[in-house]
$ cat run-v8.txt   # compact mmCIF, C-alpha atoms
# COMPACT_ATOMS: atom_id res chain seq x y z
CA MET F 10 92.58 -83.44 -175.61
CA GLU F 11 92.30 -79.65 -175.70
CA LEU F 12 88.69 -78.71 -176.49
CA GLY F 13 89.31 -75.04 -177.20
CA ILE F 14 86.60 -73.64 -174.92
CA ARG F 15 88.66 -72.47 -171.95
CA ASN F 16 87.41 -69.07 -170.72
CA ARG F 17 84.28 -69.25 -172.85
CA THR F 18 81.06 -68.27 -171.04
CA ALA F 19 78.21 -70.74 -170.68
CA LEU F 20 74.69 -70.71 -169.29
CA VAL F 21 73.48 -74.14 -168.22
CA CYS F 22 69.77 -74.29 -167.42
CA ALA F 23 68.12 -76.53 -164.84
CA ALA F 24 71.55 -77.22 -163.39
CA SER F 25 70.67 -77.82 -159.75
CA SER F 26 70.50 -81.59 -160.28
CA GLY F 27 70.67 -84.43 -162.77
CA ILE F 28 71.86 -83.91 -166.32
CA GLY F 29 72.11 -80.13 -165.99
CA ARG F 30 74.40 -80.34 -162.98
CA ALA F 31 76.58 -82.94 -164.71
CA ILE F 32 76.92 -80.69 -167.77
CA ALA F 33 77.87 -77.71 -165.63
CA ARG F 34 80.49 -79.79 -163.82
CA SER F 35 81.94 -81.07 -167.10
CA LEU F 36 82.20 -77.58 -168.60
CA VAL F 37 83.77 -76.14 -165.46
CA SER F 38 86.42 -78.87 -165.61
CA GLU F 39 87.32 -77.60 -169.10
CA GLY F 40 87.86 -74.06 -167.84
CA VAL F 41 84.52 -72.65 -169.00
CA ARG F 42 83.06 -69.74 -167.04
CA ILE F 43 79.68 -70.95 -165.86
CA ALA F 44 76.29 -69.56 -164.94
CA ILE F 45 73.62 -71.94 -163.72
CA CYS F 46 69.92 -71.53 -163.07
CA SER F 47 67.04 -73.42 -161.51
CA ARG F 48 63.70 -72.88 -159.82
CA ASP F 49 65.01 -74.81 -156.82
CA LYS F 50 66.87 -72.21 -154.74
CA LYS F 51 68.20 -74.67 -152.15
CA ASN F 52 69.57 -77.23 -154.60
CA LEU F 53 70.92 -74.47 -156.84
CA ARG F 54 72.91 -73.03 -153.95
CA THR F 55 74.20 -76.50 -153.03
CA THR F 56 75.31 -77.11 -156.62
CA GLN F 57 76.97 -73.70 -156.84
CA GLU F 58 78.96 -74.32 -153.66
CA ALA F 59 79.97 -77.82 -154.78
CA LEU F 60 81.17 -76.64 -158.20
CA GLU F 61 83.08 -73.74 -156.68
CA ALA F 62 84.76 -76.07 -154.18
CA GLU F 63 85.71 -78.54 -156.91
CA SER F 64 86.98 -76.02 -159.43
CA GLY F 65 88.16 -73.03 -157.43
CA SER F 66 86.18 -70.90 -159.88
CA GLU F 67 83.34 -68.50 -159.18
CA ILE F 68 79.98 -69.82 -160.38
CA VAL F 69 77.11 -67.44 -161.09
CA SER F 70 73.74 -68.82 -160.01
CA VAL F 71 70.33 -67.32 -160.71
CA VAL F 72 67.00 -68.55 -159.40
CA ALA F 73 64.62 -68.50 -162.36
CA ASP F 74 61.43 -70.14 -163.56
CA LEU F 75 62.02 -70.76 -167.25
CA SER F 76 58.30 -70.98 -167.95
CA VAL F 77 58.06 -67.25 -167.18
CA LYS F 78 59.32 -64.79 -169.81
CA SER F 79 60.24 -62.08 -167.30
CA ASP F 80 62.40 -64.57 -165.41
CA ILE F 81 64.22 -65.47 -168.63
CA ASP F 82 64.81 -61.79 -169.41
CA ARG F 83 66.18 -61.23 -165.90
CA LEU F 84 68.33 -64.37 -166.12
CA VAL F 85 70.01 -63.33 -169.37
CA GLU F 86 70.54 -59.76 -168.17
CA THR F 87 72.10 -60.98 -164.91
CA VAL F 88 74.48 -63.41 -166.60
CA GLN F 89 75.56 -60.85 -169.21
CA ALA F 90 76.15 -58.24 -166.50
CA GLN F 91 78.34 -60.59 -164.45
CA LEU F 92 80.10 -62.70 -167.08
CA GLY F 93 79.62 -60.91 -170.40
CA SER F 94 78.11 -62.41 -173.52
CA ILE F 95 76.70 -65.93 -173.30
CA GLU F 96 78.74 -67.95 -175.81
CA ILE F 97 77.44 -71.41 -174.92
CA LEU F 98 73.79 -72.05 -174.11
CA VAL F 99 72.51 -75.36 -172.80
CA ASN F 100 68.72 -75.38 -173.04
CA ASN F 101 67.66 -77.88 -170.43
CA VAL F 102 64.48 -78.12 -168.36
CA GLY F 103 62.65 -80.75 -166.39
CA GLY F 104 60.25 -82.87 -168.37
CA PRO F 105 56.56 -82.01 -168.68
CA ALA F 106 53.83 -83.94 -166.90
CA PRO F 107 53.34 -87.57 -167.96
CA GLY F 108 50.00 -88.90 -169.14
CA GLY F 109 47.94 -89.63 -172.21
CA LEU F 110 45.45 -87.52 -174.12
CA MET F 111 42.52 -88.07 -171.78
CA GLU F 112 44.55 -87.63 -168.59
CA LEU F 113 46.26 -84.34 -169.45
CA SER F 114 44.47 -81.09 -168.67
CA GLU F 115 44.50 -77.88 -170.72
CA GLU F 116 46.55 -76.30 -167.95
CA GLN F 117 49.18 -79.04 -168.15
CA TRP F 118 49.45 -78.54 -171.90
CA TYR F 119 49.94 -74.80 -171.43
CA GLU F 120 52.49 -75.24 -168.64
CA GLY F 121 54.39 -77.86 -170.62
CA LEU F 122 54.60 -75.67 -173.71
CA GLN F 123 55.75 -72.65 -171.72
CA LEU F 124 58.45 -74.57 -169.85
CA SER F 125 59.77 -77.05 -172.38
CA LEU F 126 59.28 -75.26 -175.72
CA MET F 127 58.93 -71.52 -175.16
CA SER F 128 61.94 -71.43 -172.82
CA VAL F 129 64.05 -72.76 -175.69
CA VAL F 130 62.60 -70.21 -178.11
CA ARG F 131 63.05 -67.29 -175.72
CA LEU F 132 66.55 -68.15 -174.53
CA THR F 133 67.81 -68.86 -178.03
CA LYS F 134 66.36 -65.59 -179.30
CA ALA F 135 67.96 -63.72 -176.38
CA VAL F 136 71.51 -65.00 -176.90
CA LEU F 137 71.74 -65.09 -180.70
CA PRO F 138 72.36 -61.34 -181.31
CA ARG F 139 75.61 -61.30 -179.31
CA MET F 140 76.70 -64.65 -180.72
CA LYS F 141 76.26 -63.20 -184.20
CA GLU F 142 78.28 -60.11 -183.27
CA GLN F 143 81.13 -62.27 -181.99
CA LYS F 144 80.90 -64.79 -184.83
CA TRP F 145 80.94 -67.68 -182.38
CA GLY F 146 78.27 -69.56 -180.47
CA ARG F 147 77.13 -73.00 -179.40
CA ILE F 148 73.57 -73.98 -178.46
CA VAL F 149 72.52 -77.44 -177.32
CA ALA F 150 69.00 -78.40 -176.29
CA ILE F 151 68.38 -81.46 -174.16
CA ALA F 152 65.32 -83.29 -175.50
CA SER F 153 64.21 -86.92 -175.28
CA ASN F 154 63.90 -90.02 -177.41
CA THR F 155 60.14 -89.46 -177.36
CA ALA F 156 60.82 -86.82 -180.03
CA LYS F 157 61.53 -89.63 -182.50
CA GLU F 158 59.56 -92.51 -181.01
CA PRO F 159 56.43 -90.96 -179.46
CA ARG F 160 54.78 -92.63 -176.47
CA GLU F 161 51.12 -92.05 -175.71
CA GLU F 162 51.68 -92.22 -171.95
CA LEU F 163 54.28 -89.44 -172.38
CA LEU F 164 52.23 -87.41 -174.83
CA LEU F 165 53.37 -83.97 -173.71
CA SER F 166 57.03 -84.92 -173.85
CA SER F 167 56.57 -86.63 -177.22
CA THR F 168 54.90 -83.56 -178.73
CA ILE F 169 57.06 -80.85 -177.22
CA ARG F 170 60.46 -82.53 -177.56
CA ALA F 171 59.77 -83.09 -181.27
CA SER F 172 58.94 -79.39 -181.54
CA VAL F 173 62.24 -78.45 -179.89
CA ALA F 174 64.18 -80.63 -182.33
CA ALA F 175 62.32 -79.11 -185.28
CA PHE F 176 62.93 -75.59 -183.98
CA ASN F 177 66.67 -76.19 -183.64
CA LYS F 178 66.91 -77.78 -187.08
CA ALA F 179 64.95 -74.96 -188.70
CA ILE F 180 67.17 -72.17 -187.39
CA SER F 181 70.50 -74.02 -187.49
CA ALA F 182 71.29 -73.38 -191.16
CA LYS F 183 70.44 -69.68 -190.81
CA VAL F 184 73.23 -69.04 -188.29
CA LEU F 185 76.02 -71.24 -189.66
CA SER F 186 77.62 -68.31 -191.48
CA ASP F 187 78.10 -66.69 -188.07
CA ASN F 188 79.90 -69.78 -186.71
CA ILE F 189 76.97 -70.65 -184.46
CA LEU F 190 76.36 -74.39 -184.14
CA ILE F 191 73.08 -75.76 -182.81
CA HIS F 192 72.26 -79.34 -181.80
CA THR F 193 69.59 -81.36 -180.06
CA VAL F 194 70.76 -84.10 -177.70
CA SER F 195 68.26 -86.86 -177.01
CA PRO F 196 68.90 -88.92 -173.89
CA GLY F 197 67.21 -92.22 -173.29
CA PRO F 198 66.59 -93.33 -169.70
CA ILE F 199 69.25 -91.68 -167.54
CA ALA F 200 69.60 -92.39 -163.82
CA THR F 201 68.34 -89.06 -162.46
CA GLU F 202 65.74 -87.91 -159.94
CA ARG F 203 63.42 -87.21 -162.88
CA VAL F 204 63.61 -90.81 -164.12
CA LEU F 205 62.97 -92.05 -160.58
CA GLN F 206 59.73 -90.06 -160.58
CA LEU F 207 58.92 -91.22 -164.11
CA THR F 208 59.37 -94.81 -162.97
CA LYS F 209 56.85 -94.21 -160.20
CA ASP F 210 54.44 -92.67 -162.72
CA VAL F 211 54.83 -95.64 -165.08
CA ALA F 212 54.09 -97.99 -162.18
CA VAL F 213 50.85 -96.14 -161.45
CA THR F 214 49.83 -95.83 -165.12
CA LYS F 215 50.43 -99.51 -165.87
CA ASN F 216 49.25 -100.71 -162.44
CA ILE F 217 52.51 -102.52 -161.72
CA THR F 218 55.04 -102.38 -158.89
CA PHE F 219 57.91 -99.88 -158.82
CA GLU F 220 60.40 -102.72 -159.35
CA GLU F 221 58.44 -103.96 -162.36
CA ALA F 222 58.40 -100.43 -163.77
CA GLN F 223 62.18 -100.19 -163.37
CA GLN F 224 62.59 -103.47 -165.22
CA TYR F 225 60.14 -102.28 -167.90
CA LEU F 226 62.35 -99.27 -168.62
CA VAL F 227 65.61 -101.23 -168.57
CA ASP F 228 64.21 -104.01 -170.78
CA GLU F 229 63.93 -101.48 -173.61
CA LEU F 230 67.68 -100.89 -173.53
CA PRO F 231 69.99 -103.25 -175.43
CA MET F 232 72.79 -102.29 -173.05
CA GLY F 233 70.72 -103.51 -170.13
CA ARG F 234 71.26 -100.43 -167.99
CA MET F 235 70.32 -96.79 -167.69
CA GLY F 236 72.77 -94.11 -168.69
CA LYS F 237 74.65 -91.83 -166.34
CA PRO F 238 74.26 -88.03 -166.30
CA GLU F 239 78.01 -87.76 -166.81
CA GLU F 240 77.75 -89.65 -170.10
CA VAL F 241 75.31 -87.07 -171.44
CA ALA F 242 77.52 -84.29 -170.10
CA ASP F 243 80.56 -85.63 -171.95
CA LEU F 244 78.63 -85.58 -175.23
CA VAL F 245 77.37 -82.03 -174.70
CA THR F 246 80.85 -80.81 -173.78
CA TYR F 247 82.22 -82.26 -177.00
CA LEU F 248 79.43 -80.68 -179.07
CA VAL F 249 80.10 -77.18 -177.72
CA SER F 250 83.85 -77.54 -178.23
CA GLN F 251 86.08 -76.66 -181.15
CA ARG F 252 86.54 -80.39 -181.78
CA SER F 253 83.03 -80.65 -183.27
CA SER F 254 83.34 -77.63 -185.57
CA PHE F 255 82.03 -79.48 -188.67
CA MET F 256 78.84 -80.67 -186.97
CA ALA F 257 75.64 -78.64 -187.11
CA GLY F 258 71.89 -79.10 -186.80
CA ASN F 259 72.07 -82.66 -185.55
CA PHE F 260 69.66 -84.72 -183.47
CA ILE F 261 71.92 -87.02 -181.47
CA SER F 262 70.61 -89.86 -179.34
CA ILE F 263 72.48 -91.12 -176.31
CA ASP F 264 70.29 -93.96 -175.21
CA GLY F 265 72.05 -97.29 -174.87
CA GLY F 266 70.67 -98.34 -178.24
CA GLN F 267 67.03 -97.69 -177.30
CA LEU F 268 65.88 -96.06 -180.54
CA LYS F 269 64.88 -98.64 -183.12
CA GLY F 270 65.09 -96.30 -186.10
CA TRP F 271 68.22 -94.70 -187.54
$ encode --input "run-v8.txt" --output "structure tokens"
Amino acid sequence: MELGIRNRTALVCAASSGIGRAIARSLVSEGVRIAICSRDKKNLRTTQEALEAESGSEIVSVVADLSVKSDIDRLVETVQAQLGSIEILVNNVGGPAPGGLMELSEEQWYEGLQLSLMSVVRLTKAVLPRMKEQKWGRIVAIASNTAKEPREELLLSSTIRASVAAFNKAISAKVLSDNILIHTVSPGPIATERVLQLTKDVAVTKNITFEEAQQYLVDELPMGRMGKPEEVADLVTYLVSQRSSFMAGNFISIDGGQLKGW
């Protein structure tokens, strides 16, 4: 199936591992010109080299801390200078610190908001002017099922991911006339390094073993397994393609049936 995004330019954030890396790989396979970013210089370089070896294409990589506004400004300027206008933006960052109300510090709240919410606001605001000029753009934010079914032990994620979904929904209708489509993708438990750490945190919080924490997470899933990063990447690639041109402003779960609501 031809997706109609060959030679488009995309920025995929937090792409040195996990879901971000899988999305970058999927887009590259469709002929998209890719820029990737991460705070992790070593893993970012490894990912860049792997994608270039697989695709034969040049990948732009930028070390950036998305919780810092000046880093975001530098990131966007660098990508635009090397690849031109950013036509596809994948807003993706690592999750904020776990914990409940009494465990989380003021500093953790501030850091979580800067990284997981303000990065989305700043990046979206930075790329929209050129998307409007070109009358074409795609923006997808990676959130979490905690946006719809909050969990007290993941209070920061529950609060901030819901804010990201609301932000995307609020601005989506305003840019439709410019052929800019915005979505929020909500993964359930996906087998990534982040979920491995989350499993360890759940074990500590609930005072259970790591194996029991793994089973606790899987037991919530009707499919009986965690998802794969590539499954999320396939969904995102479809959403930024021409094949989804009548979809806009959606909150889409990819969670093995985890969400109980509809």
$ closest_residue --input "run-v8.txt" --among "F:Met111, F:Ala106, F:Ile148, F:Ala44" --to "Val184 (chain F)" --atoms "all atoms listed in the file"
F:Ile148
$ closest_residue --input "run-v8.txt" --among "F:Tyr119, F:Ser153, F:Lys178, F:Ser25" --to "Glu202 (chain F)" --atoms "all atoms listed in the file"
F:Ser25
$ closest_residue --input "run-v8.txt" --among "F:Leu230, F:Val241, F:Val102, F:Ala73" --to "Gly265 (chain F)" --atoms "only C-alpha atoms"
F:Leu230
$ residues_around --input "run-v8.txt" --residues "Val149 (chain F)" --least-positions-apart "6" --cutoff "8 Å" --atoms "all atoms listed in the file" --output "compact mmCIF listing (two decimals) with C-alpha atoms, in the coordinates of the input"
# COMPACT_ATOMS: atom_id res chain seq x y z
CA LEU F 98 73.79 -72.05 -174.11
CA VAL F 99 72.51 -75.36 -172.80
CA ASN F 100 68.72 -75.38 -173.04
CA ILE F 191 73.08 -75.76 -182.81
CA HIS F 192 72.26 -79.34 -181.80
CA THR F 193 69.59 -81.36 -180.06
CA VAL F 194 70.76 -84.10 -177.70
CA VAL F 245 77.37 -82.03 -174.70
CA LEU F 248 79.43 -80.68 -179.07
CA VAL F 249 80.10 -77.18 -177.72
$ closest_residue --input "run-v8.txt" --among "F:Thr133, F:Ser94, F:Ser66, F:Ser35" --to "Leu190 (chain F)" --atoms "only C-alpha atoms"
F:Thr133
$ residues_near_point --input "run-v8.txt" --point "(56.7, -94.4, -186.1)" --cutoff "12 Å" --atoms "all atoms listed in the file" --output "JSON, numbers by chain"
{"F": [155, 156, 157, 158, 159, 160, 167, 268, 269, 270, 271]}
$ closest_residue --input "run-v8.txt" --among "F:Ile263, F:Ile217, F:Ala31, F:Arg170" --to "Leu60 (chain F)" --atoms "only C-alpha atoms"
F:Ala31
$ atom_distance --input "run-v8.txt" --atom1 "CA of Arg147 (chain F)" --atom2 "CA of Ile97 (chain F)"
4.8 Å
$ closest_residue --input "run-v8.txt" --among "F:Ser79, F:Asn216, F:Asn259, F:Thr168" --to "Ser128 (chain F)" --atoms "all atoms listed in the file"
F:Ser79
$ atom_distance --input "run-v8.txt" --atom1 "CA of Ile28 (chain F)" --atom2 "CA of Leu92 (chain F)"
22.8 Å
$ residues_around --input "run-v8.txt" --residues "Leu75 (chain F)" --least-positions-apart "3" --cutoff "8 Å" --atoms "all atoms listed in the file" --output "list in words"
Arg48, Lys78, Asp80, Ile81, Val102, Gln123, Leu124 and Ser128 of chain F
